[in-house]
Amino acid sequence: MPRLLSRLAPPLIALLLILAAHAQTTYDVVLLPAKVGDVGLSDAGLNNRGSVIVSAGRNPNYQGYLWRNGKLIALPALGGTGTRASGLGELDRVVGGAHRQDNLDYHAALWRNGQVLDVEPTGAVKSGALRINRLDQLVGYYTDAAGITKAYQWMNGSIVELGNLGGSATYPLGTNDAGDIVGQSDISNIPDPKFRIPPTHAFLWQAGTMTDLGSIFGADFNYATHIDNSGRILGTADLAGDGSAHAFLWISGQITDLPPFSGDLVSWGDSMNRAGQIVGSSGMRENGFAPFQVMRCPCHALLWENGQPIDLNTRIAAKWDLDFATSINDNGEILAHTIKPFSAPVLLVPQQGNHPVASRHRETGPYVGPRQLQRDRLNGIAEVW
């Protein structure tokens with residue numbers, strides 16, 4: 001389920017004005033407080049309030065944090081020591097995993113209203129909650145005593161299992177406010193002879209029915225990571241022959257290829273905002289692994305606008321070097337990772353005056369000017385949830 005980065009080596013005129021403004025967008029880079037340490041591909045999230053989740057440390061002793069209103073909040077465990085944040089909702093609910101007393105396996109957890117709740121299904125050996133929507137419906141996975149990994153939806157203590165596409169491992173990786181779910185599910189239990197793992201397909205689950213999104217680009221390794229309230233699905237799929245992988249956008253069965261940066265072989269799509277801006281990563285193929293699963297760096301943090309990849313490093317000061325981007329909100333803020341001048345999570349904030357998405361939210365909602373935002377957040381302190 002986890003992906004890895006390897007470091008081996010009239011209307012038309014208005015539309016054109018918006019596209020031109022996007023093309024000129026540059027970003028302020030805001031460092032998260034040093035206490036959070038580093039950040040991984042699946043351990044970070046950003047919502048429209050500008051809140052962020054990260055997980056610091058190493059397995060099994062992670063510490064999950066919520067960063068909001070300029071303060072860093074440590075997420076407590078379920079009687080044990082470790083916590084790991086995986087998903088962030090619009091109301092600052094956090095989901096992930098937490099240790100129980102004297103147990104280093106992670107168990108699905110929900111943090112809301114100052115409390116941590118155990119949301120693991122009965123019969124689970126270990127589990128994790130991955131995403132949550134505005135209605136506090138969360139999606140997670142658990143492994144049972146037979147070693148089968150199952151996906152489920154939880155709401156107020158009620159659990160619905162999602163089923164599978166024919167194999168023994170299913171992971172839900174995205175959900176929307178309608179309760180629709182996307183993710184990946186093995187389509188058999190027979191390992192691929194080249195990669196020695198079972199083939200896996202992206203799925204869409206709606207009202208109790210799981211739909212296989214198929215081979216996408218002609219290969220049987222793909223997954224979906226994001227579904228928005230309009231039903232647009234974002235994911236990544238191997239190309240025919242499994243020599244490379246591209247991010248894709250799925251809209252009512254129509255697929256748009258989101259290519260990597262020039263010269264790269266692999267692109268991953270991770271997050272999309274209401275305006276259709278998409279962020280992810282681009283790099284090279286790592287031999288021995290299915291390209292949808294492992295990317296070899298050097299890598300580029302990408303922004304796709306109108307299907308075209310933009311290296312986010314061209315939109316920030318030269319002192320930084322971004323290798324991946326994990327989340328984008330409706331204000332156009334982007335959560336990313338930098339490897340220069342050191343390894344750290346950063347928030348990219350559109351500079352004022354040239355970003356149409358941010359301009360709209362300044363008029364109607366919670367957009368905060370980047371320099372004030374930077375002052376507030378760099379002064380953040382740690383506190384207990």
# chains A, B, ... in the order shown; residues from 1 in each chain; ligands from 1

$ select_by_dssp --residues "range 183-355 of chain A" --states "strand (DSSP E)" --output "CSV table (one decimal) with N, CA, C and O atoms, in the first residue's frame"
chain,number,residue,atom,x,y,z
A,183,GLY,N,-9.7,3.9,-3.9
A,183,GLY,CA,-8.5,3.3,-3.3
A,183,GLY,C,-7.9,2.3,-4.3
A,183,GLY,O,-7.9,2.4,-5.5
A,184,GLN,N,-7.3,1.2,-3.7
A,184,GLN,CA,-6.7,0.2,-4.5
A,184,GLN,C,-7.1,-1.2,-3.9
A,184,GLN,O,-7.2,-1.3,-2.6
A,185,SER,N,-7.2,-2.2,-4.7
A,185,SER,CA,-7.6,-3.5,-4.3
A,185,SER,C,-6.9,-4.5,-5.2
A,185,SER,O,-7.0,-4.4,-6.4
A,186,ASP,N,-6.3,-5.5,-4.6
A,186,ASP,CA,-5.7,-6.6,-5.4
A,186,ASP,C,-6.8,-7.3,-6.2
A,186,ASP,O,-7.9,-7.6,-5.7
A,200,THR,N,-2.9,-4.9,-8.8
A,200,THR,CA,-3.9,-4.1,-8.0
A,200,THR,C,-4.5,-3.1,-8.9
A,200,THR,O,-3.8,-2.5,-9.7
A,201,HIS,N,-5.8,-2.8,-8.7
A,201,HIS,CA,-6.6,-1.8,-9.5
A,201,HIS,C,-7.2,-0.8,-8.6
A,201,HIS,O,-7.5,-1.0,-7.5
A,202,ALA,N,-7.3,0.4,-9.2
A,202,ALA,CA,-8.1,1.4,-8.5
A,202,ALA,C,-9.6,1.0,-8.5
A,202,ALA,O,-10.1,0.4,-9.4
A,203,PHE,N,-10.3,1.4,-7.4
A,203,PHE,CA,-11.7,1.2,-7.3
A,203,PHE,C,-12.4,2.4,-6.9
A,203,PHE,O,-11.9,3.4,-6.3
A,204,LEU,N,-13.7,2.4,-7.3
A,204,LEU,CA,-14.7,3.4,-6.8
A,204,LEU,C,-15.8,2.7,-6.1
A,204,LEU,O,-16.4,1.8,-6.6
A,205,TRP,N,-16.0,3.1,-4.8
A,205,TRP,CA,-17.1,2.5,-4.0
A,205,TRP,C,-18.2,3.5,-3.8
A,205,TRP,O,-17.9,4.6,-3.3
A,206,GLN,N,-19.4,3.2,-4.1
A,206,GLN,CA,-20.5,4.1,-4.0
A,206,GLN,C,-21.7,3.3,-3.5
A,206,GLN,O,-22.1,2.3,-4.1
A,209,THR,N,-21.5,-0.5,-3.5
A,209,THR,CA,-21.0,-1.2,-4.7
A,209,THR,C,-19.6,-0.8,-5.1
A,209,THR,O,-19.3,0.4,-5.2
A,210,MET,N,-18.7,-1.7,-5.2
A,210,MET,CA,-17.3,-1.4,-5.6
A,210,MET,C,-17.2,-1.7,-7.1
A,210,MET,O,-17.5,-2.7,-7.6
A,211,THR,N,-16.7,-0.6,-7.8
A,211,THR,CA,-16.5,-0.7,-9.2
A,211,THR,C,-15.0,-0.7,-9.5
A,211,THR,O,-14.2,0.2,-9.0
A,212,ASP,N,-14.5,-1.6,-10.3
A,212,ASP,CA,-13.1,-1.7,-10.8
A,212,ASP,C,-12.9,-0.7,-11.9
A,212,ASP,O,-13.6,-0.7,-12.9
A,218,GLY,N,-3.5,0.3,-19.6
A,218,GLY,CA,-3.1,-0.9,-20.3
A,218,GLY,C,-2.2,-1.8,-19.4
A,218,GLY,O,-1.7,-2.9,-20.0
A,219,ALA,N,-2.1,-1.5,-18.2
A,219,ALA,CA,-1.3,-2.4,-17.2
A,219,ALA,C,-2.2,-2.6,-16.0
A,219,ALA,O,-3.1,-1.8,-15.7
A,220,ASP,N,-1.8,-3.6,-15.2
A,220,ASP,CA,-2.6,-4.0,-14.1
A,220,ASP,C,-2.0,-3.6,-12.7
A,220,ASP,O,-2.2,-4.3,-11.7
A,221,PHE,N,-1.4,-2.4,-12.7
A,221,PHE,CA,-0.9,-1.9,-11.4
A,221,PHE,C,-1.3,-0.4,-11.4
A,221,PHE,O,-0.8,0.4,-12.1
A,222,ASN,N,-2.3,-0.1,-10.6
A,222,ASN,CA,-2.8,1.3,-10.5
A,222,ASN,C,-3.6,1.5,-9.2
A,222,ASN,O,-3.9,0.5,-8.5
A,223,TYR,N,-3.8,2.7,-8.8
A,223,TYR,CA,-4.6,3.0,-7.6
A,223,TYR,C,-5.2,4.4,-7.8
A,223,TYR,O,-4.7,5.2,-8.6
A,224,ALA,N,-6.2,4.7,-6.9
A,224,ALA,CA,-6.8,6.1,-6.9
A,224,ALA,C,-6.6,6.6,-5.5
A,224,ALA,O,-6.7,5.9,-4.5
A,225,THR,N,-6.2,7.9,-5.4
A,225,THR,CA,-5.8,8.5,-4.1
A,225,THR,C,-6.8,9.6,-3.7
A,225,THR,O,-6.8,10.0,-2.5
A,226,HIS,N,-7.6,10.1,-4.6
A,226,HIS,CA,-8.4,11.3,-4.3
A,226,HIS,C,-9.7,11.3,-5.1
A,226,HIS,O,-9.7,11.0,-6.3
A,227,ILE,N,-10.8,11.6,-4.4
A,227,ILE,CA,-12.1,11.8,-5.1
A,227,ILE,C,-12.7,13.1,-4.5
A,227,ILE,O,-12.8,13.2,-3.3
A,233,ILE,N,-11.8,11.8,-10.0
A,233,ILE,CA,-10.9,10.9,-9.3
A,233,ILE,C,-9.5,11.1,-9.8
A,233,ILE,O,-9.2,11.2,-11.0
A,234,LEU,N,-8.5,11.1,-8.9
A,234,LEU,CA,-7.1,11.3,-9.2
A,234,LEU,C,-6.4,10.0,-8.8
A,234,LEU,O,-6.7,9.4,-7.7
A,235,GLY,N,-5.4,9.6,-9.5
A,235,GLY,CA,-4.6,8.4,-9.2
A,235,GLY,C,-3.4,8.3,-10.0
A,235,GLY,O,-3.0,9.2,-10.7
A,236,THR,N,-2.8,7.1,-10.0
A,236,THR,CA,-1.6,6.8,-10.7
A,236,THR,C,-1.7,5.4,-11.3
A,236,THR,O,-2.2,4.5,-10.6
A,237,ALA,N,-1.1,5.2,-12.5
A,237,ALA,CA,-1.2,3.9,-13.1
A,237,ALA,C,0.0,3.6,-13.9
A,237,ALA,O,0.6,4.5,-14.6
A,238,ASP,N,0.4,2.3,-13.9
A,238,ASP,CA,1.5,1.9,-14.8
A,238,ASP,C,1.0,2.0,-16.3
A,238,ASP,O,-0.1,1.8,-16.6
A,239,LEU,N,1.9,2.4,-17.2
A,239,LEU,CA,1.7,2.3,-18.6
A,239,LEU,C,1.8,0.9,-19.1
A,239,LEU,O,2.5,0.1,-18.4
A,245,ALA,N,5.1,5.0,-15.2
A,245,ALA,CA,3.7,5.2,-14.6
A,245,ALA,C,3.4,6.7,-14.7
A,245,ALA,O,4.3,7.5,-14.5
A,246,HIS,N,2.1,7.0,-14.9
A,246,HIS,CA,1.7,8.4,-15.0
A,246,HIS,C,0.5,8.6,-14.1
A,246,HIS,O,-0.3,7.7,-13.9
A,247,ALA,N,0.4,9.8,-13.5
A,247,ALA,CA,-0.8,10.2,-12.8
A,247,ALA,C,-1.9,10.3,-13.8
A,247,ALA,O,-1.7,10.5,-15.0
A,248,PHE,N,-3.2,10.1,-13.3
A,248,PHE,CA,-4.3,10.3,-14.2
A,248,PHE,C,-5.5,11.0,-13.5
A,248,PHE,O,-5.6,10.9,-12.3
A,249,LEU,N,-6.3,11.6,-14.3
A,249,LEU,CA,-7.6,12.2,-13.8
A,249,LEU,C,-8.7,11.5,-14.5
A,249,LEU,O,-8.8,11.4,-15.7
A,250,TRP,N,-9.6,10.9,-13.7
A,250,TRP,CA,-10.8,10.1,-14.2
A,250,TRP,C,-12.0,10.9,-13.9
A,250,TRP,O,-12.3,11.3,-12.8
A,251,ILE,N,-12.8,11.2,-15.0
A,251,ILE,CA,-14.1,12.0,-14.9
A,251,ILE,C,-15.1,11.2,-15.7
A,251,ILE,O,-15.1,11.2,-16.9
A,254,GLN,N,-13.9,9.0,-18.4
A,254,GLN,CA,-12.9,9.6,-19.3
A,254,GLN,C,-11.6,9.9,-18.6
A,254,GLN,O,-11.6,10.5,-17.5
A,255,ILE,N,-10.5,9.5,-19.2
A,255,ILE,CA,-9.2,9.5,-18.5
A,255,ILE,C,-8.3,10.5,-19.1
A,255,ILE,O,-8.1,10.5,-20.3
A,256,THR,N,-7.7,11.4,-18.3
A,256,THR,CA,-6.7,12.4,-18.8
A,256,THR,C,-5.4,11.9,-18.2
A,256,THR,O,-5.2,11.7,-17.0
A,257,ASP,N,-4.4,11.8,-19.1
A,257,ASP,CA,-3.0,11.5,-18.7
A,257,ASP,C,-2.3,12.7,-18.2
A,257,ASP,O,-2.3,13.8,-18.8
A,258,LEU,N,-1.8,12.6,-17.0
A,258,LEU,CA,-1.0,13.7,-16.4
A,258,LEU,C,0.5,13.3,-16.4
A,258,LEU,O,1.0,12.6,-15.5
A,266,VAL,N,8.2,8.7,-14.4
A,266,VAL,CA,7.1,8.4,-13.4
A,266,VAL,C,6.5,9.7,-12.9
A,266,VAL,O,7.3,10.6,-12.4
A,267,SER,N,5.2,9.7,-12.8
A,267,SER,CA,4.5,10.8,-12.1
A,267,SER,C,3.5,10.2,-11.2
A,267,SER,O,2.8,9.2,-11.5
A,268,TRP,N,3.3,10.8,-10.0
A,268,TRP,CA,2.3,10.4,-9.1
A,268,TRP,C,1.3,11.6,-8.8
A,268,TRP,O,1.8,12.7,-8.6
A,269,GLY,N,0.0,11.4,-8.9
A,269,GLY,CA,-0.9,12.4,-8.6
A,269,GLY,C,-1.5,12.2,-7.2
A,269,GLY,O,-1.9,11.1,-6.8
A,270,ASP,N,-1.5,13.2,-6.3
A,270,ASP,CA,-1.9,13.1,-4.9
A,270,ASP,C,-3.1,13.9,-4.5
A,270,ASP,O,-3.8,13.4,-3.6
A,271,SER,N,-3.3,15.1,-5.0
A,271,SER,CA,-4.3,16.0,-4.4
A,271,SER,C,-4.8,16.9,-5.5
A,271,SER,O,-4.0,17.4,-6.4
A,272,MET,N,-6.0,17.3,-5.4
A,272,MET,CA,-6.6,18.3,-6.3
A,272,MET,C,-7.6,19.2,-5.6
A,272,MET,O,-8.2,18.8,-4.6
A,278,ILE,N,-3.8,20.3,-9.6
A,278,ILE,CA,-3.4,19.0,-9.1
A,278,ILE,C,-1.9,19.1,-8.7
A,278,ILE,O,-1.1,19.7,-9.4
A,279,VAL,N,-1.6,18.4,-7.6
A,279,VAL,CA,-0.2,18.4,-7.2
A,279,VAL,C,0.3,16.9,-7.0
A,279,VAL,O,-0.6,16.0,-6.8
A,280,GLY,N,1.6,16.7,-7.2
A,280,GLY,CA,2.1,15.4,-7.0
A,280,GLY,C,3.6,15.4,-7.2
A,280,GLY,O,4.3,16.4,-6.8
A,281,SER,N,4.2,14.4,-7.8
A,281,SER,CA,5.6,14.2,-7.9
A,281,SER,C,6.0,13.6,-9.2
A,281,SER,O,5.2,12.9,-9.8
A,282,SER,N,7.3,13.8,-9.6
A,282,SER,CA,7.8,13.3,-10.8
A,282,SER,C,9.2,12.8,-10.6
A,282,SER,O,10.0,13.5,-9.9
A,283,GLY,N,9.6,11.6,-11.1
A,283,GLY,CA,11.0,11.1,-11.0
A,283,GLY,C,11.2,10.0,-12.0
A,283,GLY,O,10.5,9.9,-13.0
A,284,MET,N,12.2,9.2,-11.7
A,284,MET,CA,12.6,8.1,-12.5
A,284,MET,C,12.1,6.8,-12.0
A,284,MET,O,11.6,6.7,-10.9
A,285,ARG,N,12.1,5.8,-12.9
A,285,ARG,CA,11.7,4.4,-12.5
A,285,ARG,C,12.8,3.7,-11.7
A,285,ARG,O,14.0,3.9,-12.0
A,294,VAL,N,7.2,2.7,-6.6
A,294,VAL,CA,8.5,3.2,-6.1
A,294,VAL,C,9.0,4.2,-7.2
A,294,VAL,O,9.1,3.8,-8.4
A,295,MET,N,9.5,5.3,-6.7
A,295,MET,CA,10.0,6.3,-7.6
A,295,MET,C,11.5,6.6,-7.2
A,295,MET,O,11.8,6.7,-6.1
A,296,ARG,N,12.4,6.7,-8.2
A,296,ARG,CA,13.8,7.0,-8.0
A,296,ARG,C,14.0,8.5,-8.2
A,296,ARG,O,13.6,9.0,-9.2
A,297,CYS,N,14.7,9.0,-7.2
A,297,CYS,CA,15.0,10.5,-7.3
A,297,CYS,C,16.4,10.7,-7.9
A,297,CYS,O,17.2,9.8,-7.8
A,298,PRO,N,16.7,11.9,-8.3
A,298,PRO,CA,16.1,13.2,-8.0
A,298,PRO,C,14.7,13.3,-8.5
A,298,PRO,O,14.4,12.9,-9.6
A,299,CYS,N,13.9,14.0,-7.7
A,299,CYS,CA,12.4,14.1,-8.0
A,299,CYS,C,12.0,15.6,-8.1
A,299,CYS,O,12.7,16.5,-7.6
A,300,HIS,N,10.9,15.8,-8.7
A,300,HIS,CA,10.3,17.1,-8.8
A,300,HIS,C,8.9,17.2,-8.2
A,300,HIS,O,8.1,16.3,-8.4
A,301,ALA,N,8.7,18.2,-7.4
A,301,ALA,CA,7.3,18.5,-6.9
A,301,ALA,C,6.6,19.2,-8.0
A,301,ALA,O,7.1,20.2,-8.6
A,302,LEU,N,5.4,18.6,-8.4
A,302,LEU,CA,4.7,19.1,-9.6
A,302,LEU,C,3.4,19.7,-9.3
A,302,LEU,O,2.7,19.3,-8.3
A,303,LEU,N,3.0,20.7,-10.1
A,303,LEU,CA,1.7,21.2,-10.2
A,303,LEU,C,1.2,21.1,-11.6
A,303,LEU,O,1.9,21.5,-12.6
A,304,TRP,N,0.1,20.4,-11.8
A,304,TRP,CA,-0.5,20.3,-13.1
A,304,TRP,C,-1.7,21.3,-13.2
A,304,TRP,O,-2.6,21.4,-12.4
A,305,GLU,N,-1.6,22.1,-14.3
A,305,GLU,CA,-2.7,23.0,-14.6
A,305,GLU,C,-3.0,22.8,-16.0
A,305,GLU,O,-2.1,22.8,-16.9
A,308,GLN,N,-0.9,20.2,-17.8
A,308,GLN,CA,0.5,20.4,-18.1
A,308,GLN,C,1.3,20.4,-16.8
A,308,GLN,O,0.9,21.1,-15.9
A,309,PRO,N,2.4,19.7,-16.8
A,309,PRO,CA,3.2,19.6,-15.5
A,309,PRO,C,4.1,20.9,-15.4
A,309,PRO,O,4.8,21.3,-16.3
A,310,ILE,N,4.1,21.4,-14.2
A,310,ILE,CA,4.9,22.6,-13.9
A,310,ILE,C,5.8,22.2,-12.7
A,310,ILE,O,5.3,21.8,-11.6
A,311,ASP,N,7.1,22.3,-12.8
A,311,ASP,CA,8.0,22.1,-11.7
A,311,ASP,C,7.9,23.2,-10.7
A,311,ASP,O,8.1,24.4,-11.0
A,321,ASP,N,14.7,23.3,-2.7
A,321,ASP,CA,14.6,22.3,-3.7
A,321,ASP,C,13.5,21.3,-3.3
A,321,ASP,O,13.7,20.5,-2.4
A,322,LEU,N,12.4,21.4,-3.9
A,322,LEU,CA,11.2,20.5,-3.6
A,322,LEU,C,11.2,19.2,-4.3
A,322,LEU,O,11.4,19.2,-5.5
A,323,ASP,N,11.0,18.1,-3.6
A,323,ASP,CA,11.0,16.8,-4.3
A,323,ASP,C,9.6,16.2,-4.4
A,323,ASP,O,9.4,15.4,-5.3
A,324,PHE,N,8.7,16.5,-3.5
A,324,PHE,CA,7.3,16.1,-3.7
A,324,PHE,C,6.3,17.0,-3.1
A,324,PHE,O,6.7,17.8,-2.2
A,325,ALA,N,5.1,17.0,-3.6
A,325,ALA,CA,4.0,17.8,-3.1
A,325,ALA,C,2.9,16.8,-2.8
A,325,ALA,O,2.6,15.9,-3.6
A,326,THR,N,2.2,17.0,-1.6
A,326,THR,CA,1.2,16.0,-1.2
A,326,THR,C,-0.2,16.5,-1.1
A,326,THR,O,-1.1,15.7,-1.2
A,327,SER,N,-0.4,17.8,-1.0
A,327,SER,CA,-1.8,18.3,-0.8
A,327,SER,C,-1.9,19.8,-1.4
A,327,SER,O,-0.9,20.5,-1.3
A,328,ILE,N,-3.0,20.1,-1.9
A,328,ILE,CA,-3.3,21.5,-2.3
A,328,ILE,C,-4.8,21.8,-1.8
A,328,ILE,O,-5.7,20.9,-1.9
A,334,ILE,N,-0.1,24.9,-0.9
A,334,ILE,CA,0.4,23.5,-1.3
A,334,ILE,C,1.3,23.0,-0.1
A,334,ILE,O,2.2,23.8,0.3
A,335,LEU,N,1.1,21.8,0.3
A,335,LEU,CA,2.0,21.2,1.3
A,335,LEU,C,3.0,20.4,0.5
A,335,LEU,O,2.6,19.5,-0.3
A,336,ALA,N,4.3,20.6,0.7
A,336,ALA,CA,5.3,20.0,0.0
A,336,ALA,C,6.5,19.6,0.9
A,336,ALA,O,6.4,19.8,2.1
A,337,HIS,N,7.5,19.1,0.3
A,337,HIS,CA,8.7,18.6,1.0
A,337,HIS,C,9.9,19.2,0.3
A,337,HIS,O,10.0,19.1,-0.9
A,338,THR,N,10.9,19.7,1.1
A,338,THR,CA,12.1,20.2,0.5
A,338,THR,C,13.3,19.4,1.0
A,338,THR,O,13.3,18.9,2.1
A,339,ILE,N,14.3,19.2,0.1
A,339,ILE,CA,15.5,18.6,0.5
A,339,ILE,C,16.7,19.5,0.6
A,339,ILE,O,17.8,19.1,0.9
A,340,LYS,N,16.5,20.8,0.2
A,340,LYS,CA,17.5,21.8,0.3
A,340,LYS,C,16.9,23.1,0.9
A,340,LYS,O,15.8,23.4,0.5
A,344,ALA,N,12.7,18.9,5.1
A,344,ALA,CA,11.7,19.4,5.9
A,344,ALA,C,10.4,19.6,5.2
A,344,ALA,O,10.4,19.8,4.0
A,345,PRO,N,9.2,19.5,5.9
A,345,PRO,CA,7.9,19.9,5.3
A,345,PRO,C,7.8,21.4,5.2
A,345,PRO,O,8.2,22.1,6.1
A,346,VAL,N,7.2,21.9,4.1
A,346,VAL,CA,7.0,23.3,3.9
A,346,VAL,C,5.6,23.5,3.3
A,346,VAL,O,5.0,22.6,2.7
A,347,LEU,N,5.1,24.7,3.6
A,347,LEU,CA,3.8,25.2,3.0
A,347,LEU,C,4.1,26.2,2.0
A,347,LEU,O,4.8,27.2,2.2
A,348,LEU,N,3.6,26.0,0.7
A,348,LEU,CA,3.8,27.0,-0.3
A,348,LEU,C,2.5,27.9,-0.4
A,348,LEU,O,1.4,27.4,-0.5
A,349,VAL,N,2.7,29.2,-0.2
A,349,VAL,CA,1.5,30.1,-0.2
A,349,VAL,C,1.6,31.0,-1.4
A,349,VAL,O,2.6,31.7,-1.6
A,350,PRO,N,0.5,31.1,-2.2
A,350,PRO,CA,0.6,32.0,-3.4
A,350,PRO,C,0.8,33.4,-2.9
A,350,PRO,O,0.2,33.9,-2.0

$ atom_distance --atom1 "CA of Leu213 in chain A" --atom2 "CA of Arg232 in chain A"
12.8 Å

$ atom_distance --atom1 "CA of Thr81 in chain A" --atom2 "CA of His99 in chain A"
5.9 Å

$ closest_residue --among "A:Gln115, A:Ser51, A:Asn229, A:Ser168" --to "Pro76 in chain A" --atoms "only C-alpha atoms"
A:Gln115

$ residues_around --residues "Asn59 in chain A" --least-positions-apart "4" --cutoff "12 Å" --atoms "only C-alpha atoms" --output "PyMOL selection string"
chain A and resi 40+55+63-64+81-84+97-99+104-106

$ closest_atom_pairs --of "range 38-108 of chain A" --to "range 124-136 of chain A" --cutoff "10 Å" --atoms "only C-alpha atoms" --output "CSV"
residue,atom,partner,partner_atom,distance
A:Ser42,CA,A:Leu130,CA,9.0
A:Asp43,CA,A:Leu130,CA,9.4
A:Gly45,CA,A:Arg131,CA,9.7
A:Arg84,CA,A:Gly128,CA,9.0
A:Ala85,CA,A:Leu130,CA,8.3
A:Ser86,CA,A:Leu130,CA,5.2
A:Gly87,CA,A:Arg131,CA,4.5
A:Leu88,CA,A:Ile132,CA,6.5
A:Gly89,CA,A:Ile132,CA,5.5
A:Glu90,CA,A:Arg134,CA,6.0
A:Leu91,CA,A:Arg134,CA,6.7
A:Asp92,CA,A:Arg134,CA,9.4
A:Arg93,CA,A:Ile132,CA,7.6
A:Val94,CA,A:Ile132,CA,7.6
A:Val95,CA,A:Ala129,CA,5.4
A:Gly96,CA,A:Ala129,CA,4.6
A:Gly97,CA,A:Gly128,CA,5.1
A:Ala98,CA,A:Gly128,CA,8.4
A:His99,CA,A:Lys126,CA,9.9
A:Leu104,CA,A:Lys126,CA,9.7
A:Asp105,CA,A:Lys126,CA,6.0
A:Tyr106,CA,A:Lys126,CA,5.9
A:His107,CA,A:Ser127,CA,4.7
A:Ala108,CA,A:Gly128,CA,4.0

$ residues_around --residues "Pro172 in chain A" --least-positions-apart "5" --cutoff "8 Å" --atoms "only C-alpha atoms" --output "list in words"
Leu130, Val139, Gly140, Tyr141, Ala151, Tyr152, Ile181, Val182, Gly183 and Gln184 of chain A

$ write_last_selection --atoms "all heavy atoms" --output "mmCIF file, in the first residue's frame"
data_model
loop_
_atom_site.group_PDB
_atom_site.id
_atom_site.type_symbol
_atom_site.label_atom_id
_atom_site.label_comp_id
_atom_site.auth_asym_id
_atom_site.auth_seq_id
_atom_site.Cartn_x
_atom_site.Cartn_y
_atom_site.Cartn_z
ATOM 1 N N LEU A 130 -7.433 6.313 7.390
ATOM 2 C CA LEU A 130 -6.660 7.021 6.374
ATOM 3 C C LEU A 130 -7.243 8.361 5.950
ATOM 4 O O LEU A 130 -6.493 9.293 5.680
ATOM 5 C CB LEU A 130 -6.492 6.124 5.139
ATOM 6 C CG LEU A 130 -5.716 4.829 5.368
ATOM 7 C CD1 LEU A 130 -5.658 4.012 4.080
ATOM 8 C CD2 LEU A 130 -4.317 5.113 5.886
ATOM 9 N N VAL A 139 -12.536 6.471 6.543
ATOM 10 C CA VAL A 139 -12.238 5.208 5.878
ATOM 11 C C VAL A 139 -10.909 4.695 6.400
ATOM 12 O O VAL A 139 -9.991 5.466 6.699
ATOM 13 C CB VAL A 139 -12.212 5.345 4.348
ATOM 14 C CG1 VAL A 139 -13.596 5.685 3.825
ATOM 15 C CG2 VAL A 139 -11.201 6.391 3.891
ATOM 16 N N GLY A 140 -10.830 3.380 6.547
ATOM 17 C CA GLY A 140 -9.617 2.776 7.066
ATOM 18 C C GLY A 140 -9.479 1.349 6.569
ATOM 19 O O GLY A 140 -10.264 0.863 5.759
ATOM 20 N N TYR A 141 -8.441 0.707 7.060
ATOM 21 C CA TYR A 141 -8.192 -0.682 6.704
ATOM 22 C C TYR A 141 -7.809 -1.446 7.977
ATOM 23 O O TYR A 141 -7.376 -0.855 8.968
ATOM 24 C CB TYR A 141 -7.062 -0.800 5.680
ATOM 25 C CG TYR A 141 -5.710 -0.434 6.242
ATOM 26 C CD1 TYR A 141 -4.858 -1.403 6.760
ATOM 27 C CD2 TYR A 141 -5.292 0.890 6.291
ATOM 28 C CE1 TYR A 141 -3.632 -1.069 7.311
ATOM 29 C CE2 TYR A 141 -4.067 1.235 6.824
ATOM 30 C CZ TYR A 141 -3.238 0.253 7.326
ATOM 31 O OH TYR A 141 -2.030 0.592 7.880
ATOM 32 N N ALA A 151 -10.891 -3.172 3.775
ATOM 33 C CA ALA A 151 -11.216 -1.753 3.864
ATOM 34 C C ALA A 151 -12.591 -1.581 4.499
ATOM 35 O O ALA A 151 -13.484 -2.411 4.300
ATOM 36 C CB ALA A 151 -11.203 -1.116 2.475
ATOM 37 N N TYR A 152 -12.753 -0.461 5.233
ATOM 38 C CA TYR A 152 -14.044 -0.222 5.861
ATOM 39 C C TYR A 152 -14.327 1.276 5.964
ATOM 40 O O TYR A 152 -13.431 2.116 5.887
ATOM 41 C CB TYR A 152 -14.107 -0.857 7.250
ATOM 42 C CG TYR A 152 -13.209 -0.215 8.297
ATOM 43 C CD1 TYR A 152 -13.693 0.756 9.177
ATOM 44 C CD2 TYR A 152 -11.866 -0.582 8.419
ATOM 45 C CE1 TYR A 152 -12.883 1.335 10.138
ATOM 46 C CE2 TYR A 152 -11.049 -0.013 9.379
ATOM 47 C CZ TYR A 152 -11.555 0.948 10.227
ATOM 48 O OH TYR A 152 -10.751 1.531 11.174
ATOM 49 N N ILE A 181 -15.912 6.432 -2.019
ATOM 50 C CA ILE A 181 -14.571 6.043 -1.601
ATOM 51 C C ILE A 181 -13.777 5.534 -2.799
ATOM 52 O O ILE A 181 -14.324 4.828 -3.663
ATOM 53 C CB ILE A 181 -14.630 4.944 -0.519
ATOM 54 C CG1 ILE A 181 -15.408 5.442 0.708
ATOM 55 C CG2 ILE A 181 -13.233 4.483 -0.102
ATOM 56 C CD1 ILE A 181 -15.803 4.336 1.669
ATOM 57 N N VAL A 182 -12.500 5.876 -2.856
ATOM 58 C CA VAL A 182 -11.594 5.331 -3.858
ATOM 59 C C VAL A 182 -10.378 4.740 -3.166
ATOM 60 O O VAL A 182 -10.089 5.040 -2.008
ATOM 61 C CB VAL A 182 -11.153 6.396 -4.886
ATOM 62 C CG1 VAL A 182 -12.342 6.903 -5.685
ATOM 63 C CG2 VAL A 182 -10.428 7.551 -4.203
ATOM 64 N N GLY A 183 -9.664 3.904 -3.895
ATOM 65 C CA GLY A 183 -8.476 3.302 -3.325
ATOM 66 C C GLY A 183 -7.870 2.281 -4.250
ATOM 67 O O GLY A 183 -7.942 2.423 -5.479
ATOM 68 N N GLN A 184 -7.279 1.243 -3.673
ATOM 69 C CA GLN A 184 -6.686 0.174 -4.463
ATOM 70 C C GLN A 184 -7.056 -1.167 -3.861
ATOM 71 O O GLN A 184 -7.163 -1.313 -2.640
ATOM 72 C CB GLN A 184 -5.170 0.307 -4.551
ATOM 73 C CG GLN A 184 -4.426 0.004 -3.268
ATOM 74 C CD GLN A 184 -2.919 0.064 -3.421
ATOM 75 O OE1 GLN A 184 -2.369 1.121 -3.697
ATOM 76 N NE2 GLN A 184 -2.251 -1.072 -3.224
#
